[in-house]
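Right, one structure below, let's go through it.
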Amino acid sequence: MGKKILCLALVMAVAVTMFAFPAGASDSKWAGWIKISTPEELSKISSGNNYYLTNDINLKDYGLWQPIYSFMGTLDGNGYAIRNLTSTRGGLFRELGAVGANSGDATIKNLGLINVDVMCDGDVGALANTYGRTVTIENCYVTGKVVNSSSSSYAGGFFGRDSFWSNTLSLKNCYNKASVTSKFGAGGIIGNGRGYSLVNCINEGAITGDSEFVGGIAGHLRGSRVNNSYNFGAVKSTNSSKVYIAGGLVGTAGSGANVSNSATTGKTAVGYALDGSHTSQIKTNVPRDDFKKQETYVGFNFDRVWYIHPKVNNGYPILRTMMRLYDIPDDNSDSKAATALRITINLKVGDTLQLGAALNPSDSTDSVKYNSNTTSVATVNSSGLVTAKAKGTATVTVTAGGVSQRVNIRVT
């Protein structure tokens with residue numbers, strides 16, 4: 001019989017610092033919300049409601065996804081992801097938010113879109129093709145590819161473009177790793193739009209377009225701002241005439257555009273800066289290795305929202321909601337990477353594992369509770385001692401002061 005020791009650090013009332021799989025919540029948090037646990041439930045989302053995911057939704061065997069026509073309400077990914085979305089008509093939603101007689105706002109947060117394969121002969125984004133009214137996106141990420149085949153439309157990692165003039169779009173703490181390819185305009189986060197704000201966003205995906213509206217973060221920026229955002233993905237315009245210049249951050253900045261406190265590996269931050277646009281504190285030609293340094297990212301919260309480690313994502317930062325993409329296959333639970341990620345511990349039948357929780361502040365009086373979701377595979381007592389019972393997997397949740405963290409137990 002073996003014994004292994006793992007210490008989890010939970011910071012009460014301030015942040016989760018050591019290990020940041022999304023915090024769990026009691027059922028009371030979701031009172032009045034509708035849970036989603038299957039592709040069929042996801043496809044039936046309707047406006048006027050609030051939804052949350054209870055697990056990853058895998059669309060691999062679902063067939064071609066038909067974008068949800070229009071959504072007004074809230075979708076909280078709860079730290080989970082929608083995987084393998086494949087569509088020839090666009091992203092998860094056709095439109096987020098709306099104006100007019102059926103106007104309404106939309107919020108999407110704590111959600112991952114993993115391995116999307118999204119195409120459209122028109123404006124397209126992995127999250128939504130277009131946006132209207134007031135839309136808020138927080139702590140979300142995209143991986144895979146997005147393609148527009150129209151010579152007059154836009155593609156973006158999250159959004160293709162806006163729907164109407166009177167829009168307000170806010171994206172904060174968002175990460176695009178998807179490639180974006182368009183026969184016209186393209187942006188790592190958004191293709192085109194008005195009235196939007198991009199703050200603390202990163203693009204790592206390769207961005208390719210065939211116009212003057214090709215940028216690492218945004219293709220066309222009008223009456224909008226990009227702040228504290230960074231691009232180290234390749235950006236290029238494929239126009240054979242060589243007339244168009246792709247921007248490392250923004251393709252074309254129009255009237256009312258503001259780009260500040262941002263950086264790119266590209267030689268040019270803004271391809272075309274038109275009258276009425278403004279840039280400040282922009283860095284270009286930044287060495288790729290500098291994007292592996294925490295101090296590069298002005299305004300980023302690395303205690304609660306972002307995480308950086310030389311052994312994770314090739315050293316580039318990730319959202320803490322992305323940590324589920326980086327599993328730990330071995331038992332090196334005392335390593336810095338292991339303590340920061342969603343941990344998977346391998347045990348043999350009969351092994352024990354001692355979990356501990358260090359509370360901050362140290363004089364906290366909050367009690368620590370432990371729970372196993374599959375006691376036939378692994379049990380845990382009130383002191384945090386895990387015992388491997390049978391082959392399989394179980395998740396042990398450690399909770400204190402309303403903050404929860406999870407450890408995967410794999411028994412062989």
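Each chain in the structure tokens gets a letter, A, B and so on, in the order shown; residues start at 1 in every chain, and ligands are counted from 1 in the order they appear.
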
Using only C-alpha atoms, determine which residues lie at most 8 Å from A:Ser224, disregarding the query and same-chain residues fewer than 3 positions distant; provide the list as a list in words.
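My reading of the contact set: Gly193, Arg194, Gly195, Tyr196, Ser197, Leu221, Gly256, Ala257 and Asn258 of chain A.
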
Those residues with N, CA, C and O atoms, as a PDB file, in the first residue's frame please?
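The result, written out as result-v4.pdb:
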```
ATOM      1  N   GLY A 193     -16.870  45.750 -36.509  1.00  0.00           N
ATOM      2  CA  GLY A 193     -17.967  46.162 -35.648  1.00  0.00           C
ATOM      3  C   GLY A 193     -17.827  47.585 -35.153  1.00  0.00           C
ATOM      4  O   GLY A 193     -16.810  48.243 -35.346  1.00  0.00           O
ATOM      5  N   ARG A 194     -18.879  48.052 -34.494  1.00  0.00           N
ATOM      6  CA  ARG A 194     -18.914  49.360 -33.874  1.00  0.00           C
ATOM      7  C   ARG A 194     -19.280  49.178 -32.408  1.00  0.00           C
ATOM      8  O   ARG A 194     -19.962  48.233 -32.043  1.00  0.00           O
ATOM      9  N   GLY A 195     -18.860  50.111 -31.594  1.00  0.00           N
ATOM     10  CA  GLY A 195     -19.291  50.139 -30.206  1.00  0.00           C
ATOM     11  C   GLY A 195     -18.828  48.969 -29.365  1.00  0.00           C
ATOM     12  O   GLY A 195     -19.514  48.557 -28.451  1.00  0.00           O
ATOM     13  N   TYR A 196     -17.647  48.441 -29.673  1.00  0.00           N
ATOM     14  CA  TYR A 196     -17.187  47.315 -28.851  1.00  0.00           C
ATOM     15  C   TYR A 196     -15.921  47.661 -28.085  1.00  0.00           C
ATOM     16  O   TYR A 196     -15.182  48.587 -28.432  1.00  0.00           O
ATOM     17  N   SER A 197     -15.700  46.897 -27.030  1.00  0.00           N
ATOM     18  CA  SER A 197     -14.540  47.089 -26.172  1.00  0.00           C
ATOM     19  C   SER A 197     -13.873  45.741 -25.954  1.00  0.00           C
ATOM     20  O   SER A 197     -14.511  44.794 -25.493  1.00  0.00           O
ATOM     21  N   LEU A 221     -11.868  48.376 -36.775  1.00  0.00           N
ATOM     22  CA  LEU A 221     -12.191  48.983 -35.485  1.00  0.00           C
ATOM     23  C   LEU A 221     -12.807  50.342 -35.739  1.00  0.00           C
ATOM     24  O   LEU A 221     -12.152  51.238 -36.269  1.00  0.00           O
ATOM     25  N   GLY A 256     -13.049  57.270 -34.248  1.00  0.00           N
ATOM     26  CA  GLY A 256     -13.437  56.885 -32.893  1.00  0.00           C
ATOM     27  C   GLY A 256     -12.744  55.638 -32.385  1.00  0.00           C
ATOM     28  O   GLY A 256     -13.024  55.192 -31.267  1.00  0.00           O
ATOM     29  N   ALA A 257     -11.828  55.077 -33.164  1.00  0.00           N
ATOM     30  CA  ALA A 257     -11.101  53.883 -32.720  1.00  0.00           C
ATOM     31  C   ALA A 257      -9.992  54.270 -31.750  1.00  0.00           C
ATOM     32  O   ALA A 257      -9.329  55.298 -31.917  1.00  0.00           O
ATOM     33  N   ASN A 258      -9.781  53.446 -30.743  1.00  0.00           N
ATOM     34  CA  ASN A 258      -8.742  53.703 -29.749  1.00  0.00           C
ATOM     35  C   ASN A 258      -8.022  52.394 -29.437  1.00  0.00           C
ATOM     36  O   ASN A 258      -8.642  51.420 -29.023  1.00  0.00           O
TER      37      ASN A 258
END
```

Contacts of A:Val180 within 10 Å, only C-alpha atoms, excl. fewer than 3 positions in-chain, as a VMD selection string
chain A and resid 118 124 to 126 144 to 148 154 to 158 176 to 177 185 to 191 205 to 209 216 235

Residue with smallest distance to A:Thr88 - pool A:Ser262, A:Ser149, A:Asn110, A:Ser43, counting only C-alpha atoms
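Going through A:Ser262, A:Ser149, A:Asn110, A:Ser43 one by one, the smallest distance to A:Thr88 is for A:Ser149.
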
Can you tell me, as a ChimeraX atom specification, what residues are no more than 8 Å from A:Trp306 when counting only C-alpha atoms, ignoring any on the same chain fewer than 3 positions away?
/A:300-303,317-320

Looking only at the backbone, which of the residues in stretch 53-156 of chain A does DSSP tag as strand (DSSP E), as a VMD selection string?
chain A and resid 53 57 to 58 73 to 76 81 to 83 86 to 87 93 to 96 106 to 109 112 to 120 124 to 125 128 to 131 134 to 148 154 to 156
